[in-house]
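For reference, my_file.cif (mmCIF, C-alpha atoms):
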```
data_start
#
loop_
_atom_site.label_atom_id
_atom_site.label_comp_id
_atom_site.auth_asym_id
_atom_site.auth_seq_id
_atom_site.Cartn_x
_atom_site.Cartn_y
_atom_site.Cartn_z
CA MET K 143 62.68 45.17 64.01
CA ALA K 144 63.65 48.39 65.80
CA VAL K 145 61.27 51.34 65.89
CA ASN K 146 62.74 54.82 66.21
CA LEU K 147 60.50 56.96 68.39
CA PRO K 148 61.01 60.70 68.78
CA VAL K 149 62.65 61.66 72.08
CA PRO K 150 60.54 64.17 74.06
CA ALA K 151 62.23 67.39 75.17
CA ARG K 152 63.16 67.78 78.83
CA THR K 153 61.09 70.17 80.91
CA PRO K 154 62.52 72.65 83.47
CA THR K 155 61.16 70.49 86.32
CA GLY K 156 63.39 67.59 85.32
CA GLY K 157 60.71 65.37 83.84
CA VAL K 158 60.48 64.16 80.28
CA GLY K 159 57.72 65.99 78.45
CA GLY K 160 55.85 66.54 81.73
CA VAL K 161 55.21 62.79 82.12
CA LEU K 162 57.61 62.23 85.01
CA GLY K 163 57.43 65.76 86.40
CA GLU K 164 53.81 65.66 87.56
CA PRO K 165 53.91 62.30 89.42
CA ILE K 166 57.19 63.22 91.13
CA ARG K 167 55.80 66.63 92.13
CA PHE K 168 52.70 64.90 93.50
CA VAL K 169 54.75 62.44 95.60
CA LEU K 170 57.12 65.09 96.96
CA ASN K 171 54.27 67.46 97.84
CA TRP K 172 52.30 64.59 99.37
CA GLY K 173 55.24 63.84 101.68
CA ARG K 174 55.64 67.48 102.72
CA ARG K 175 51.88 67.92 103.08
CA TYR K 176 51.37 65.06 105.54
CA SER K 177 54.51 65.42 107.66
CA LEU K 178 54.41 68.96 109.01
CA TRP K 179 56.49 69.44 112.14
CA VAL K 180 55.03 72.36 114.10
CA PHE K 181 56.93 74.97 116.07
CA ASN K 182 54.33 76.63 118.31
CA PHE K 183 55.09 80.23 119.15
CA GLY K 184 52.36 80.71 121.76
CA LEU K 185 52.21 84.17 123.25
CA ALA K 186 48.80 84.40 124.94
CA CYS K 187 45.40 82.71 125.30
CA CYS K 188 45.31 81.41 121.70
CA ALA K 189 48.17 79.09 122.62
CA ILE K 190 45.76 77.20 124.90
CA GLU K 191 43.46 76.61 121.91
CA PHE K 192 46.48 75.32 119.94
CA ILE K 193 47.18 72.84 122.74
CA ALA K 194 43.52 71.78 122.74
CA ALA K 195 43.74 71.10 118.99
CA SER K 196 46.67 68.77 119.58
CA MET K 197 44.93 66.75 122.29
CA SER K 198 42.89 63.59 121.80
CA ARG K 199 39.50 65.21 121.13
CA HIS K 200 40.64 67.11 118.02
CA ASP K 201 43.90 65.21 117.40
CA PHE K 202 45.54 67.02 114.49
CA ILE K 203 48.16 64.27 114.33
CA ARG K 204 45.61 62.36 112.22
CA LEU K 205 46.06 65.10 109.60
CA GLY K 206 49.81 64.45 109.44
CA VAL K 207 50.81 67.28 111.76
CA ILE K 208 53.39 66.48 114.42
CA PRO K 209 52.61 68.94 117.23
CA PHE K 210 55.94 69.76 118.83
CA ALA K 211 59.23 70.05 116.97
CA HIS K 212 62.35 70.13 119.13
CA GLY K 213 63.20 73.58 117.85
CA PRO K 214 62.97 75.83 114.82
CA ARG K 215 65.65 73.92 112.90
CA GLN K 216 63.47 70.79 112.90
CA ALA K 217 60.20 72.58 112.09
CA ASP K 218 58.32 73.07 108.82
CA LEU K 219 55.43 75.09 110.22
CA MET K 220 55.38 77.95 112.72
CA VAL K 221 52.05 78.70 114.39
CA VAL K 222 52.08 82.20 115.89
CA SER K 223 49.27 82.46 118.42
CA GLY K 224 48.66 85.43 120.65
CA THR K 225 49.57 89.10 120.93
CA VAL K 226 52.81 89.96 119.15
CA THR K 227 54.52 92.84 120.92
CA ASP K 228 57.23 95.02 119.42
CA LYS K 229 59.67 93.61 121.96
CA MET K 230 58.91 90.01 120.88
CA ALA K 231 59.03 90.75 117.12
CA PRO K 232 62.83 90.30 116.70
CA ALA K 233 62.65 86.89 118.41
CA ILE K 234 59.92 85.74 116.02
CA LYS K 235 61.98 86.92 113.04
CA ARG K 236 65.12 85.19 114.35
CA LEU K 237 63.31 81.89 114.91
CA TYR K 238 61.64 82.09 111.48
CA ASP K 239 65.05 82.62 109.86
CA GLN K 240 66.37 79.48 111.61
CA MET K 241 63.68 77.27 110.05
CA PRO K 242 64.78 75.31 106.95
CA GLU K 243 63.11 75.77 103.55
CA PRO K 244 60.33 75.15 102.70
CA LYS K 245 58.73 76.79 105.73
CA TYR K 246 55.18 77.87 106.42
CA VAL K 247 53.46 80.17 108.91
CA ILE K 248 49.92 80.12 110.31
CA SER K 249 48.75 83.26 112.09
CA PHE K 250 46.32 81.97 114.73
CA GLY K 251 43.91 84.43 116.30
CA ALA K 252 42.94 88.07 116.00
CA CYS K 253 45.96 89.31 117.96
CA SER K 254 48.53 87.72 115.70
CA ASN K 255 46.48 88.59 112.59
CA SER K 256 46.02 92.30 113.24
CA GLY K 257 46.70 93.17 116.88
CA GLY K 258 43.20 92.15 118.01
CA PRO K 259 41.67 94.17 120.83
CA TYR K 260 45.12 95.65 121.54
CA TRP K 261 45.62 97.07 118.02
CA ASP K 262 45.85 100.65 119.29
CA SER K 263 48.45 99.92 121.95
CA TYR K 264 51.85 101.56 121.55
CA SER K 265 53.70 98.26 122.07
CA VAL K 266 51.66 95.84 119.92
CA THR K 267 52.71 94.87 116.39
CA LYS K 268 49.79 95.25 114.00
CA GLY K 269 49.98 91.64 112.81
CA VAL K 270 52.73 89.08 112.50
CA ASP K 271 52.73 89.62 108.73
CA GLN K 272 54.58 92.89 109.42
CA ILE K 273 57.57 90.73 110.45
CA ILE K 274 57.40 87.43 108.54
CA PRO K 275 55.37 86.14 105.56
CA VAL K 276 52.14 84.39 106.57
CA ASP K 277 50.58 81.54 104.56
CA VAL K 278 47.25 81.07 106.39
CA TYR K 279 45.26 83.38 108.69
CA VAL K 280 42.90 81.83 111.25
CA PRO K 281 40.46 84.45 112.62
CA GLY K 282 38.84 84.48 116.04
CA CYS K 283 39.36 85.69 119.58
CA PRO K 284 40.29 83.06 120.56
CA PRO K 285 39.63 80.77 117.60
CA ARG K 286 38.22 77.34 118.28
CA PRO K 287 40.48 74.30 117.78
CA GLU K 288 38.31 73.36 114.79
CA ALA K 289 39.35 76.63 113.14
CA LEU K 290 43.01 75.62 113.47
CA LEU K 291 42.20 72.26 111.87
CA GLN K 292 40.57 74.13 108.97
CA GLY K 293 43.64 76.36 108.67
CA ILE K 294 45.90 73.30 108.54
CA LEU K 295 43.75 71.80 105.78
CA ARG K 296 44.02 75.06 103.82
CA LEU K 297 47.80 75.02 104.21
CA GLN K 298 47.97 71.40 103.07
CA ASP K 299 45.98 72.31 99.94
CA LYS K 300 48.45 75.13 99.27
CA ILE K 301 51.41 72.75 99.67
CA ALA K 302 49.82 70.26 97.27
CA ARG K 303 49.72 72.92 94.52
CA GLU K 304 53.34 74.10 94.93
CA ALA K 305 55.97 73.74 92.23
CA VAL K 306 58.94 71.54 93.12
CA SER K 307 62.49 71.87 91.88
CA LEU K 308 64.18 68.51 91.39
CA ARG K 309 67.65 70.02 91.12
CA GLY K 310 68.02 70.92 94.79
CA GLY K 311 66.98 74.53 94.34
CA SER K 312 64.37 76.32 96.33
CA ARG K 313 60.88 77.60 95.70
CA PRO K 314 60.73 80.70 93.48
CA GLY K 315 60.83 83.86 95.52
CA SER K 316 61.96 82.19 98.75
CA GLY K 317 65.25 84.10 98.78
CA VAL K 318 67.36 80.97 99.34
CA VAL K 319 70.28 80.59 96.96
CA PRO K 320 71.47 77.00 96.32
CA ARG K 321 75.05 76.35 97.44
CA GLU K 322 77.82 75.95 94.94
CA ALA K 323 79.55 72.57 94.65
CA ALA K 324 82.89 74.04 95.80
CA SER K 325 81.41 75.22 99.09
CA LEU K 326 80.08 71.72 99.82
CA THR K 327 83.48 70.05 99.32
CA ALA K 328 85.63 72.67 101.07
CA PRO K 329 87.86 71.40 103.91
CA LEU K 330 86.87 71.97 107.53
CA VAL K 331 87.99 75.19 109.17
CA ARG K 332 89.85 74.51 112.40
CA PRO K 333 89.43 76.95 115.30
CA GLU K 334 92.51 78.84 116.40
CA ALA K 335 94.23 77.56 119.52
#
```
Entire entry expressed as structure tokens:
Amino acid sequence: MAVNLPVPARTPTGGVGGVLGEPIRFVLNWGRRYSLWVFNFGLACCAIEFIAASMSRHDFIRLGVIPFAHGPRQADLMVVSGTVTDKMAPAIKRLYDQMPEPKYVISFGACSNSGGPYWDSYSVTKGVDQIIPVDVYVPGCPPRPEALLQGILRLQDKIAREAVSLRGGSRPGSGVVPREAASLTAPLVRPEA
């Protein structure tokens, strides 16, 4: 004897009636949350505290943070630590643009948060958030390594709450447009001789 059950409507996240969407979102966010590859952009004394947080005493690898990515194209998280000068600002922006989506930024220390004790200098940017979007601010001059660990935990909580697109799109508001199918199957362009 066959029983005809009503078919639930599909949700925008790709799940059926929200039943599959939530567990899949949880698993995908869990994977991103506990495998953060860090690109350290150390500019001054706060970079030493970042290094201390990655050593054996504080060991942020136990939180799922891999301390040194090979470059910005392999990184999920950029930690900007130290005084951001106007001359260094374009380099930070260029490296941030090279990171793949989803990408996150932690501003570590008073100098990268707001200019710190050098806020009134003619050559100091008044915070890295003037250049790139920042997800977590860690205050202090210099902040202790424990403060960075707390900032990482805050970022991981933020990642756990994010919406996930199962269709290969990007996060809302990230500015990344998914590629069209024709551009992915186009033939290779040969350089001129």
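Here the PyMOL selection byres ((chain K and resi 295) around 12) captures the residues Arg175, Tyr176, Leu178, Phe202, Arg204, Leu205, Gly206, Val207, Ile248, Asp277, Val278, Val280, Glu288, Ala289, Leu290, Leu291, Gln292, Gly293, Ile294, Arg296, Leu297, Gln298, Asp299, Lys300, Ile301 and Ala302 of chain K.
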Distance of CA of Tyr246 in chain K from CA of Gln216 in chain K, expressed in Å to one decimal place: 12.7 Å
All residues 8 Å or closer to range 225-228 of chain K, all atoms listed in the file, same chain fewer than 6 positions away omitted, as number ranges by chain: K: 185-186, 253-254, 257-258, 260, 265-270
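Residue nearest Cys283 in chain K within the list K:Asn255, K:Asn171, K:Gln240, K:Ser177: K:Asn255 [criterion: smallest interatomic distance, all atoms listed in the file].
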Result set, the PyMOL selection byres ((chain K and resi 281) around 6) on current file, as a PyMOL selection string: chain K and resi 251-252+280+282
d(CA of Ile208 in chain K, CA of Val180 in chain K) in Å: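 Going from CA of Ile208 in chain K over to CA of Val180 in chain K covers 6.1 Å.
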d(CA of Glu304 in chain K, CA of Glu243 in chain K) in Å: 13.1 Å
Picked residues, the PyMOL selection byres ((chain K and resi 237) around 12), expected as a ChimeraX atom specification: /K:181-183,213-222,230-236,238-242,245,247,273-274
N, CA, C and O atoms modelled onto range 253-266 of chain K, as an mmCIF file, in the frame of the given file:
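For reference, selection13.cif as written:
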```cif
data_model
loop_
_atom_site.group_PDB
_atom_site.id
_atom_site.type_symbol
_atom_site.label_atom_id
_atom_site.label_comp_id
_atom_site.auth_asym_id
_atom_site.auth_seq_id
_atom_site.Cartn_x
_atom_site.Cartn_y
_atom_site.Cartn_z
ATOM 1 N N CYS K 253 44.788 88.538 117.507
ATOM 2 C CA CYS K 253 45.960 89.310 117.960
ATOM 3 C C CYS K 253 47.143 89.135 117.027
ATOM 4 O O CYS K 253 47.830 90.103 116.710
ATOM 5 N N SER K 254 47.401 87.913 116.604
ATOM 6 C CA SER K 254 48.530 87.720 115.700
ATOM 7 C C SER K 254 48.174 88.130 114.275
ATOM 8 O O SER K 254 49.052 88.450 113.489
ATOM 9 N N ASN K 255 46.888 88.148 113.927
ATOM 10 C CA ASN K 255 46.480 88.590 112.590
ATOM 11 C C ASN K 255 46.603 90.099 112.423
ATOM 12 O O ASN K 255 47.124 90.569 111.418
ATOM 13 N N SER K 256 46.090 90.849 113.419
ATOM 14 C CA SER K 256 46.020 92.300 113.240
ATOM 15 C C SER K 256 46.239 93.106 114.516
ATOM 16 O O SER K 256 46.067 94.315 114.505
ATOM 17 N N GLY K 257 46.570 92.470 115.604
ATOM 18 C CA GLY K 257 46.700 93.170 116.880
ATOM 19 C C GLY K 257 45.507 92.950 117.784
ATOM 20 O O GLY K 257 45.570 93.208 118.977
ATOM 21 N N GLY K 258 44.384 92.477 117.220
ATOM 22 C CA GLY K 258 43.200 92.150 118.010
ATOM 23 C C GLY K 258 42.679 93.320 118.800
ATOM 24 O O GLY K 258 42.713 94.469 118.346
ATOM 25 N N PRO K 259 42.200 93.076 120.025
ATOM 26 C CA PRO K 259 41.670 94.170 120.830
ATOM 27 C C PRO K 259 42.751 95.144 121.302
ATOM 28 O O PRO K 259 42.439 96.217 121.798
ATOM 29 N N TYR K 260 44.015 94.800 121.105
ATOM 30 C CA TYR K 260 45.120 95.650 121.540
ATOM 31 C C TYR K 260 45.746 96.404 120.372
ATOM 32 O O TYR K 260 46.872 96.888 120.469
ATOM 33 N N TRP K 261 45.043 96.494 119.236
ATOM 34 C CA TRP K 261 45.620 97.070 118.020
ATOM 35 C C TRP K 261 46.089 98.504 118.192
ATOM 36 O O TRP K 261 47.014 98.944 117.531
ATOM 37 N N ASP K 262 45.469 99.252 119.123
ATOM 38 C CA ASP K 262 45.850 100.650 119.290
ATOM 39 C C ASP K 262 46.877 100.864 120.395
ATOM 40 O O ASP K 262 47.185 101.994 120.742
ATOM 41 N N SER K 263 47.431 99.797 120.920
ATOM 42 C CA SER K 263 48.450 99.920 121.950
ATOM 43 C C SER K 263 49.782 100.325 121.332
ATOM 44 O O SER K 263 50.108 99.938 120.210
ATOM 45 N N TYR K 264 50.563 101.077 122.061
ATOM 46 C CA TYR K 264 51.850 101.560 121.550
ATOM 47 C C TYR K 264 52.864 100.432 121.374
ATOM 48 O O TYR K 264 53.799 100.556 120.597
ATOM 49 N N SER K 265 52.679 99.305 122.087
ATOM 50 C CA SER K 265 53.700 98.260 122.070
ATOM 51 C C SER K 265 53.297 97.011 121.300
ATOM 52 O O SER K 265 54.033 96.029 121.313
ATOM 53 N N VAL K 266 52.158 97.027 120.614
ATOM 54 C CA VAL K 266 51.660 95.840 119.920
ATOM 55 C C VAL K 266 51.912 95.971 118.419
ATOM 56 O O VAL K 266 51.581 96.985 117.811
#
```
